[in-house]
>>> print(open('start.cif').read())   # mmCIF, C-alpha atoms
data_upload
loop_
_atom_site.label_atom_id
_atom_site.label_comp_id
_atom_site.auth_asym_id
_atom_site.auth_seq_id
_atom_site.Cartn_x
_atom_site.Cartn_y
_atom_site.Cartn_z
CA MET A 285 -13.04 20.82 0.14
CA LYS A 286 -9.29 20.51 -0.11
CA VAL A 287 -7.21 17.34 -0.42
CA ILE A 288 -3.42 17.44 -0.21
CA ALA A 289 -1.16 14.56 -1.27
CA ILE A 290 2.34 14.32 0.19
CA ASN A 291 4.84 12.31 -1.85
CA GLY A 292 7.81 10.99 0.12
CA SER A 293 9.48 9.37 -2.88
CA PRO A 294 12.59 10.88 -4.50
CA ARG A 295 11.09 9.91 -7.87
CA LYS A 296 8.18 12.26 -8.47
CA ASP A 297 6.76 10.20 -11.32
CA GLY A 298 7.54 6.78 -9.85
CA ASN A 299 5.10 4.22 -8.50
CA THR A 300 4.22 6.19 -5.38
CA GLY A 301 3.65 9.40 -7.33
CA ILE A 302 1.43 7.62 -9.85
CA LEU A 303 -0.72 6.13 -7.09
CA LEU A 304 -1.01 9.44 -5.24
CA ASN A 305 -2.12 11.16 -8.43
CA LYS A 306 -4.74 8.47 -8.97
CA ALA A 307 -6.00 9.04 -5.43
CA LEU A 308 -6.23 12.77 -6.12
CA GLU A 309 -8.18 12.03 -9.30
CA GLY A 310 -10.67 10.07 -7.19
CA ALA A 311 -11.01 12.94 -4.73
CA ALA A 312 -11.41 15.45 -7.57
CA LEU A 313 -14.22 13.34 -9.03
CA ASN A 314 -16.13 14.00 -5.81
CA GLY A 315 -15.60 17.72 -6.18
CA ALA A 316 -12.45 18.28 -4.12
CA GLU A 317 -9.73 20.80 -4.84
CA THR A 318 -6.45 18.85 -4.94
CA GLU A 319 -2.75 19.54 -4.59
CA MET A 320 0.36 17.35 -4.89
CA ILE A 321 3.43 18.15 -2.79
CA ASN A 322 6.75 16.39 -3.46
CA LEU A 323 8.87 16.47 -0.33
CA HIS A 324 12.13 16.18 -2.29
CA ASP A 325 11.49 19.66 -3.67
CA PHE A 326 12.03 21.15 -0.22
CA THR A 327 14.93 21.59 2.20
CA TYR A 328 14.05 20.82 5.81
CA LYS A 329 14.87 18.68 8.82
CA GLY A 330 12.88 16.70 11.35
CA CYS A 331 11.90 17.65 14.88
CA LYS A 332 14.76 19.24 16.84
CA SER A 333 13.22 18.44 20.25
CA CYS A 334 13.08 22.08 21.37
CA PHE A 335 9.60 21.59 22.93
CA ALA A 336 8.52 25.09 21.90
CA CYS A 337 5.25 23.50 20.77
CA LYS A 338 4.63 22.38 24.38
CA LEU A 339 5.60 25.61 26.18
CA LYS A 340 2.78 27.06 28.31
CA ASN A 341 1.59 30.37 26.86
CA GLY A 342 4.39 30.12 24.31
CA ASN A 343 4.17 31.80 20.92
CA SER A 344 4.54 28.41 19.22
CA TYR A 345 2.29 26.34 21.46
CA GLY A 346 0.62 23.66 19.31
CA GLN A 347 2.69 24.43 16.24
CA CYS A 348 6.23 23.82 15.05
CA CYS A 349 8.45 26.85 15.68
CA ILE A 350 10.94 25.92 12.96
CA ASN A 351 10.66 28.29 10.01
CA ASP A 352 11.82 26.55 6.85
CA GLU A 353 10.57 25.43 3.45
CA ILE A 354 7.89 23.04 4.74
CA SER A 355 6.40 25.50 7.24
CA PRO A 356 3.80 26.69 4.67
CA ILE A 357 2.87 23.06 3.95
CA LEU A 358 2.20 22.37 7.62
CA LYS A 359 -0.10 25.40 7.70
CA LYS A 360 -1.92 24.21 4.57
CA ILE A 361 -2.64 20.84 6.16
CA LYS A 362 -4.26 22.57 9.12
CA ASN A 363 -6.90 23.86 6.70
CA ALA A 364 -7.24 20.70 4.59
CA ASP A 365 -10.21 18.34 4.66
CA SER A 366 -8.14 15.29 3.79
CA ILE A 367 -4.50 14.34 3.34
CA ILE A 368 -2.89 11.41 1.53
CA LEU A 369 0.69 10.48 2.33
CA GLY A 370 2.66 8.12 0.12
CA SER A 371 6.09 6.58 0.51
CA PRO A 372 8.15 3.77 -0.95
CA ILE A 373 9.50 1.44 1.70
CA TYR A 374 13.26 1.54 2.13
CA LEU A 375 14.88 -0.93 4.54
CA GLY A 376 11.49 -1.75 5.99
CA SER A 377 10.35 1.80 6.68
CA ILE A 378 9.18 5.04 5.09
CA THR A 379 11.74 7.34 3.49
CA GLY A 380 13.78 9.65 5.69
CA GLU A 381 12.06 12.68 4.16
CA MET A 382 8.63 11.33 5.05
CA LYS A 383 9.71 10.42 8.59
CA SER A 384 11.07 13.92 9.20
CA PHE A 385 7.92 15.43 7.74
CA MET A 386 5.69 13.32 9.99
CA GLU A 387 7.67 14.37 13.06
CA ARG A 388 7.13 18.00 12.21
CA LEU A 389 3.46 17.44 11.35
CA ILE A 390 2.29 15.27 14.24
CA PHE A 391 4.36 16.12 17.32
CA PRO A 392 3.17 19.74 17.78
CA TYR A 393 -0.45 18.54 18.01
CA LEU A 394 0.35 15.92 20.68
CA VAL A 395 -0.50 17.25 24.15
CA TYR A 396 1.45 15.95 27.12
CA ASP A 397 -1.66 15.54 29.26
CA GLU A 398 -3.09 12.38 30.83
CA LYS A 399 -4.96 11.49 27.65
CA TYR A 400 -2.26 12.54 25.16
CA SER A 401 -4.90 14.74 23.56
CA SER A 402 -4.79 16.22 20.06
CA LEU A 403 -4.64 19.93 19.29
CA PHE A 404 -5.48 19.45 15.63
CA PRO A 405 -8.53 21.69 15.15
CA LYS A 406 -10.82 19.15 13.46
CA ARG A 407 -11.13 15.52 12.39
CA ILE A 408 -10.06 14.84 8.81
CA PHE A 409 -9.69 11.81 6.58
CA VAL A 410 -6.17 10.43 6.04
CA GLY A 411 -4.90 8.03 3.38
CA LEU A 412 -1.57 6.22 3.61
CA ILE A 413 -0.11 4.58 0.49
CA TYR A 414 2.99 2.39 0.70
CA THR A 415 4.88 0.83 -2.21
CA PHE A 416 7.18 -2.19 -1.95
CA GLY A 417 9.66 -3.78 -4.33
CA VAL A 418 9.11 -7.15 -2.68
CA ASN A 419 6.09 -9.31 -3.38
CA GLU A 420 3.26 -10.02 -0.94
CA GLN A 421 4.80 -13.33 0.16
CA LYS A 422 8.12 -11.69 1.05
CA LEU A 423 6.29 -8.88 2.79
CA GLU A 424 4.38 -11.32 4.97
CA GLN A 425 7.69 -12.86 6.05
CA THR A 426 8.79 -9.55 7.53
CA LYS A 427 7.43 -7.38 10.35
CA TRP A 428 7.10 -4.37 8.05
CA LYS A 429 3.31 -4.29 7.87
CA GLU A 430 2.98 -4.34 11.64
CA ALA A 431 5.55 -1.56 12.00
CA LEU A 432 3.90 0.60 9.34
CA LYS A 433 0.50 0.22 10.94
CA TYR A 434 1.80 2.30 13.84
CA ASN A 435 1.60 5.27 11.48
CA GLU A 436 -2.09 4.44 11.05
CA PHE A 437 -2.47 4.56 14.83
CA LEU A 438 -0.79 7.98 15.01
CA PHE A 439 -2.96 9.55 12.32
CA GLU A 440 -6.14 7.96 13.70
CA ARG A 441 -5.24 9.26 17.14
CA PHE A 442 -4.37 12.83 16.24
CA PHE A 443 -6.09 13.59 12.92
CA GLY A 444 -8.95 11.28 12.03
CA LYS A 445 -10.13 8.17 10.21
CA THR A 446 -7.20 6.61 8.34
CA GLU A 447 -7.07 4.10 5.48
CA LEU A 448 -4.02 2.16 4.26
CA LEU A 449 -3.11 0.86 0.81
CA PHE A 450 -0.18 -1.55 0.42
CA VAL A 451 1.11 -1.98 -3.15
CA THR A 452 3.66 -4.78 -3.56
CA ASP A 453 6.02 -6.14 -6.20
CA THR A 454 6.41 -2.80 -7.98
CA TYR A 455 8.36 -2.33 -11.20
CA GLN A 456 11.53 -0.46 -10.27
CA PHE A 457 13.75 -0.34 -13.39
CA ASP A 458 13.07 0.30 -17.05
CA ASP A 459 15.68 -2.33 -17.92
CA TYR A 460 16.45 -4.92 -15.23
CA SER A 461 19.38 -6.27 -17.25
CA LYS A 462 21.37 -3.11 -16.45
CA TYR A 463 21.26 -3.68 -12.71
CA VAL A 464 22.33 -6.33 -10.23
CA SER A 465 18.84 -7.60 -9.50
CA THR A 466 18.86 -11.40 -9.54
CA ALA A 467 16.45 -11.40 -6.58
CA PHE A 468 13.73 -10.51 -9.08
CA ASP A 469 12.29 -12.12 -12.20
CA ALA A 470 12.21 -9.25 -14.71
CA ASP A 471 9.60 -10.91 -16.94
CA LYS A 472 7.26 -11.50 -14.00
CA LYS A 473 7.83 -7.94 -12.84
CA LEU A 474 6.86 -6.58 -16.24
CA LYS A 475 3.81 -8.83 -16.43
CA ARG A 476 2.66 -7.65 -13.04
CA ARG A 477 3.26 -4.03 -14.06
CA ARG A 478 0.97 -4.46 -17.04
CA GLU A 479 -1.72 -6.56 -15.39
CA VAL A 480 -1.76 -5.83 -11.63
CA PHE A 481 -0.48 -2.29 -11.23
CA PRO A 482 -3.50 -0.85 -13.11
CA GLN A 483 -5.66 -2.58 -10.49
CA ASP A 484 -3.55 -0.98 -7.75
CA CYS A 485 -4.10 2.39 -9.42
CA LYS A 486 -7.84 1.76 -9.38
CA LYS A 487 -7.63 0.97 -5.65
CA ALA A 488 -5.82 4.28 -5.09
CA PHE A 489 -8.50 6.06 -7.15
CA GLU A 490 -11.26 4.52 -5.04
CA LEU A 491 -9.39 5.40 -1.85
CA GLY A 492 -9.31 9.02 -2.97
CA LYS A 493 -13.04 8.95 -3.64
CA ARG A 494 -13.77 7.56 -0.18
CA LEU A 495 -11.73 10.26 1.53
CA ILE A 496 -14.12 12.94 0.31
CA PRO A 497 -17.92 12.66 0.67
CA ILE A 498 -19.77 13.31 -2.57
CA LEU A 499 -20.40 17.04 -2.84
#
>>> encode(input="start.cif", output="C-alpha cells")
Amino acid sequence: MKVIAINGSPRKDGNTGILLNKALEGAALNGAETEMINLHDFTYKGCKSCFACKLKNGNSYGQCCINDEISPILKKIKNADSIILGSPIYLGSITGEMKSFMERLIFPYLVYDEKYSSLFPKRIFVGLIYTFGVNEQKLEQTKWKEALKYNEFLFERFFGKTELLFVTDTYQFDDYSKYVSTAFDADKKLKRRREVFPQDCKKAFELGKRLIPIL
C-alpha cells in the first residue's frame, strides 16, 4: 500500500513538514510504502478553466490536460491508497501552492452531472494537517476552522474518508527577539514547543497509522 504526503509549506523542515513526516512514520509502521512531496520544489499553476477534463469523448476527460511538473504527482495519487496534505495557514487559508494543487487534483474528477459524481477510480483515506501560528483561543475567534472544513467536504465527496488535524500556537522563529512579534510571548511559545508540540507529533503519527489498515 502506498501513502503520499503533500507538503504545502515553503519550509520543508518546518512544523508542517515535521508533522507530515510523523504521519508517514505511522503509516510505515503499518506496512505502507511512503513518499513525501514538497510542492515548493515544483513549478506549476492552478486550474486554467479550459474544461478539457469535462469534454465528452475528449482525450483528457477526467484528468487535467496541463502538462507540467506536478502532472506526474497527480498520476501517482491516482494509484495511492492514502494521501496526507499539510499546509500552514496564511491569512486564514492554505498556502497558494496548496490551493493551486488542490484545484488541479480535485476538479478533473468532479462530474457535471445531477449528482456531481466523482471519477476518482476508488475510495481512499485522506489526512489533512493544518498548522497555525495563533493559539486555540485566537483560532476560535475566527471563522478559519469552518472555512477549512470545506476542504474536508471536498475530499470526503470525491476521494474518501477524511480526517483533520489542527495544530495551533506553533513555534515560528528560532529567535523571536530578531523579529517584530510582540503579538506573541516568546517564552510561552518555546515552552509549548517543548511540551505540547511533541504531543501534536504523536497525534500526527497516530493519524498516519489510522489511514492504513494493519497489513
>>> atom_distance(input="start.cif", atom1="CA of Tyr463 (chain A)", atom2="CA of Asn305 (chain A)")
28.0 Å
>>> axis_aligned_box(input="start.cif", around="region 390-403 of chain A", padding_each_side="5 Å", output="lines of an AutoDock Vina configuration file")
center_x = -0.3
center_y = 15.7
center_z = 22.5
size_x = 19.3
size_y = 18.4
size_z = 26.6
>>> residues_around(input="start.cif", residues="region 403-417 of chain A", least_positions_apart="5", cutoff="6 Å", atoms="only C-alpha atoms", output="list in words")
Asp365, Ser366, Ile367, Ile368, Leu369, Gly370, Ser371, Pro372, Ile373, Tyr393, Phe443, Gly444, Lys445, Thr446, Glu447, Leu448, Leu449, Phe450, Val451, Thr452, Asp453, Thr454 and Leu495 of chain A
>>> resolve_selection(input="start.cif", expression="the PyMOL selection byres ((chain A and resi 308) around 12)", output="MDAnalysis selection string")
chainID A and resid 286:291 301:307 309:321 366:370 411 485:496
>>> atom_distance(input="start.cif", atom1="CA of Ser384 (chain A)", atom2="CA of Asn343 (chain A)")
22.5 Å
>>> closest_residue(input="start.cif", among="A:Thr426, A:Ser377, A:Gln347, A:Asn419", to="Pro392 (chain A)", atoms="all atoms listed in the file")
A:Gln347
>>> closest_residue(input="start.cif", among="A:Thr466, A:Gly342, A:Tyr400, A:Thr379", to="Arg441 (chain A)", atoms="all atoms listed in the file")
A:Tyr400
>>> closest_residue(input="start.cif", among="A:Tyr374, A:Phe326, A:Phe335, A:Phe481", to="Ile354 (chain A)", atoms="only C-alpha atoms")
A:Phe326
>>> atom_distance(input="start.cif", atom1="CA of Ala336 (chain A)", atom2="CA of Phe442 (chain A)")
18.7 Å
>>> closest_residue(input="start.cif", among="A:Tyr345, A:Tyr460, A:Tyr455, A:Phe385", to="Thr327 (chain A)", atoms="all atoms listed in the file")
A:Phe385
>>> closest_residue(input="start.cif", among="A:Arg388, A:Gly376, A:Glu440, A:Gly292", to="Trp428 (chain A)", atoms="only C-alpha atoms")
A:Gly376
>>> residues_around(input="start.cif", residues="Lys473 (chain A)", least_positions_apart="2", cutoff="9 Å", atoms="all atoms listed in the file", output="mmCIF file with C-alpha atoms, keeping the file's coordinate frame")
data_model
loop_
_atom_site.group_PDB
_atom_site.id
_atom_site.type_symbol
_atom_site.label_atom_id
_atom_site.label_comp_id
_atom_site.auth_asym_id
_atom_site.auth_seq_id
_atom_site.Cartn_x
_atom_site.Cartn_y
_atom_site.Cartn_z
ATOM 1 C CA ASP A 453 6.020 -6.140 -6.200
ATOM 2 C CA THR A 454 6.410 -2.800 -7.980
ATOM 3 C CA TYR A 455 8.360 -2.330 -11.200
ATOM 4 C CA GLN A 456 11.530 -0.460 -10.270
ATOM 5 C CA PHE A 468 13.730 -10.510 -9.080
ATOM 6 C CA ASP A 469 12.290 -12.120 -12.200
ATOM 7 C CA ALA A 470 12.210 -9.250 -14.710
ATOM 8 C CA ASP A 471 9.600 -10.910 -16.940
ATOM 9 C CA LYS A 475 3.810 -8.830 -16.430
ATOM 10 C CA ARG A 476 2.660 -7.650 -13.040
ATOM 11 C CA ARG A 477 3.260 -4.030 -14.060
ATOM 12 C CA ARG A 478 0.970 -4.460 -17.040
#
>>> closest_residue(input="start.cif", among="A:Arg295, A:His324, A:Lys359, A:Lys383", to="Phe457 (chain A)", atoms="only C-alpha atoms")
A:Arg295
>>> resolve_selection(input="start.cif", expression="the PyMOL selection byres ((chain A and resi 353) around 10)", output="ChimeraX atom specification")
/A:323,325-329,350-352,354-358
>>> build_atoms(input="start.cif", residues="region 290-313 of chain A", atoms="N, CA and C atoms", output="mmCIF file, in the coordinates of the input")
data_model
loop_
_atom_site.group_PDB
_atom_site.id
_atom_site.type_symbol
_atom_site.label_atom_id
_atom_site.label_comp_id
_atom_site.auth_asym_id
_atom_site.auth_seq_id
_atom_site.Cartn_x
_atom_site.Cartn_y
_atom_site.Cartn_z
ATOM 1 N N ILE A 290 0.946 14.117 -0.167
ATOM 2 C CA ILE A 290 2.340 14.320 0.190
ATOM 3 C C ILE A 290 3.149 13.133 -0.311
ATOM 4 N N ASN A 291 4.045 13.379 -1.254
ATOM 5 C CA ASN A 291 4.840 12.310 -1.850
ATOM 6 C C ASN A 291 6.221 12.263 -1.205
ATOM 7 N N GLY A 292 6.518 11.159 -0.534
ATOM 8 C CA GLY A 292 7.810 10.990 0.120
ATOM 9 C C GLY A 292 8.850 10.309 -0.730
ATOM 10 N N SER A 293 8.533 10.049 -1.990
ATOM 11 C CA SER A 293 9.480 9.370 -2.880
ATOM 12 C C SER A 293 10.404 10.375 -3.559
ATOM 13 N N PRO A 294 11.678 10.008 -3.757
ATOM 14 C CA PRO A 294 12.590 10.880 -4.500
ATOM 15 C C PRO A 294 12.274 10.913 -5.993
ATOM 16 N N ARG A 295 11.483 9.965 -6.453
ATOM 17 C CA ARG A 295 11.090 9.910 -7.870
ATOM 18 C C ARG A 295 9.653 10.412 -7.982
ATOM 19 N N LYS A 296 9.498 11.633 -8.439
ATOM 20 C CA LYS A 296 8.180 12.260 -8.470
ATOM 21 C C LYS A 296 7.179 11.471 -9.312
ATOM 22 N N ASP A 297 7.654 10.897 -10.399
ATOM 23 C CA ASP A 297 6.760 10.200 -11.320
ATOM 24 C C ASP A 297 6.874 8.689 -11.202
ATOM 25 N N GLY A 298 7.413 8.216 -10.070
ATOM 26 C CA GLY A 298 7.540 6.780 -9.850
ATOM 27 C C GLY A 298 6.224 6.169 -9.382
ATOM 28 N N ASN A 299 6.305 4.949 -8.889
ATOM 29 C CA ASN A 299 5.100 4.220 -8.500
ATOM 30 C C ASN A 299 4.270 4.970 -7.464
ATOM 31 N N THR A 300 4.942 5.495 -6.445
ATOM 32 C CA THR A 300 4.220 6.190 -5.380
ATOM 33 C C THR A 300 3.529 7.438 -5.916
ATOM 34 N N GLY A 301 4.238 8.200 -6.745
ATOM 35 C CA GLY A 301 3.650 9.400 -7.330
ATOM 36 C C GLY A 301 2.449 9.087 -8.203
ATOM 37 N N ILE A 302 2.545 8.020 -8.987
ATOM 38 C CA ILE A 302 1.430 7.620 -9.850
ATOM 39 C C ILE A 302 0.195 7.296 -9.003
ATOM 40 N N LEU A 303 0.393 6.522 -7.947
ATOM 41 C CA LEU A 303 -0.720 6.130 -7.090
ATOM 42 C C LEU A 303 -1.338 7.320 -6.371
ATOM 43 N N LEU A 304 -0.497 8.235 -5.901
ATOM 44 C CA LEU A 304 -1.010 9.440 -5.240
ATOM 45 C C LEU A 304 -1.841 10.280 -6.213
ATOM 46 N N ASN A 305 -1.360 10.408 -7.434
ATOM 47 C CA ASN A 305 -2.120 11.160 -8.430
ATOM 48 C C ASN A 305 -3.459 10.504 -8.738
ATOM 49 N N LYS A 306 -3.475 9.185 -8.756
ATOM 50 C CA LYS A 306 -4.740 8.470 -8.970
ATOM 51 C C LYS A 306 -5.706 8.739 -7.812
ATOM 52 N N ALA A 307 -5.166 8.752 -6.596
ATOM 53 C CA ALA A 307 -6.000 9.040 -5.430
ATOM 54 C C ALA A 307 -6.572 10.460 -5.518
ATOM 55 N N LEU A 308 -5.755 11.398 -5.965
ATOM 56 C CA LEU A 308 -6.230 12.770 -6.120
ATOM 57 C C LEU A 308 -7.307 12.863 -7.199
ATOM 58 N N GLU A 309 -7.156 12.063 -8.254
ATOM 59 C CA GLU A 309 -8.180 12.030 -9.300
ATOM 60 C C GLU A 309 -9.520 11.563 -8.708
ATOM 61 N N GLY A 310 -9.445 10.561 -7.834
ATOM 62 C CA GLY A 310 -10.670 10.070 -7.190
ATOM 63 C C GLY A 310 -11.317 11.129 -6.327
ATOM 64 N N ALA A 311 -10.486 11.867 -5.582
ATOM 65 C CA ALA A 311 -11.010 12.940 -4.730
ATOM 66 C C ALA A 311 -11.611 14.055 -5.582
ATOM 67 N N ALA A 312 -10.928 14.388 -6.683
ATOM 68 C CA ALA A 312 -11.410 15.450 -7.570
ATOM 69 C C ALA A 312 -12.757 15.085 -8.185
ATOM 70 N N LEU A 313 -12.958 13.791 -8.459
ATOM 71 C CA LEU A 313 -14.220 13.340 -9.030
ATOM 72 C C LEU A 313 -15.384 13.657 -8.098
#
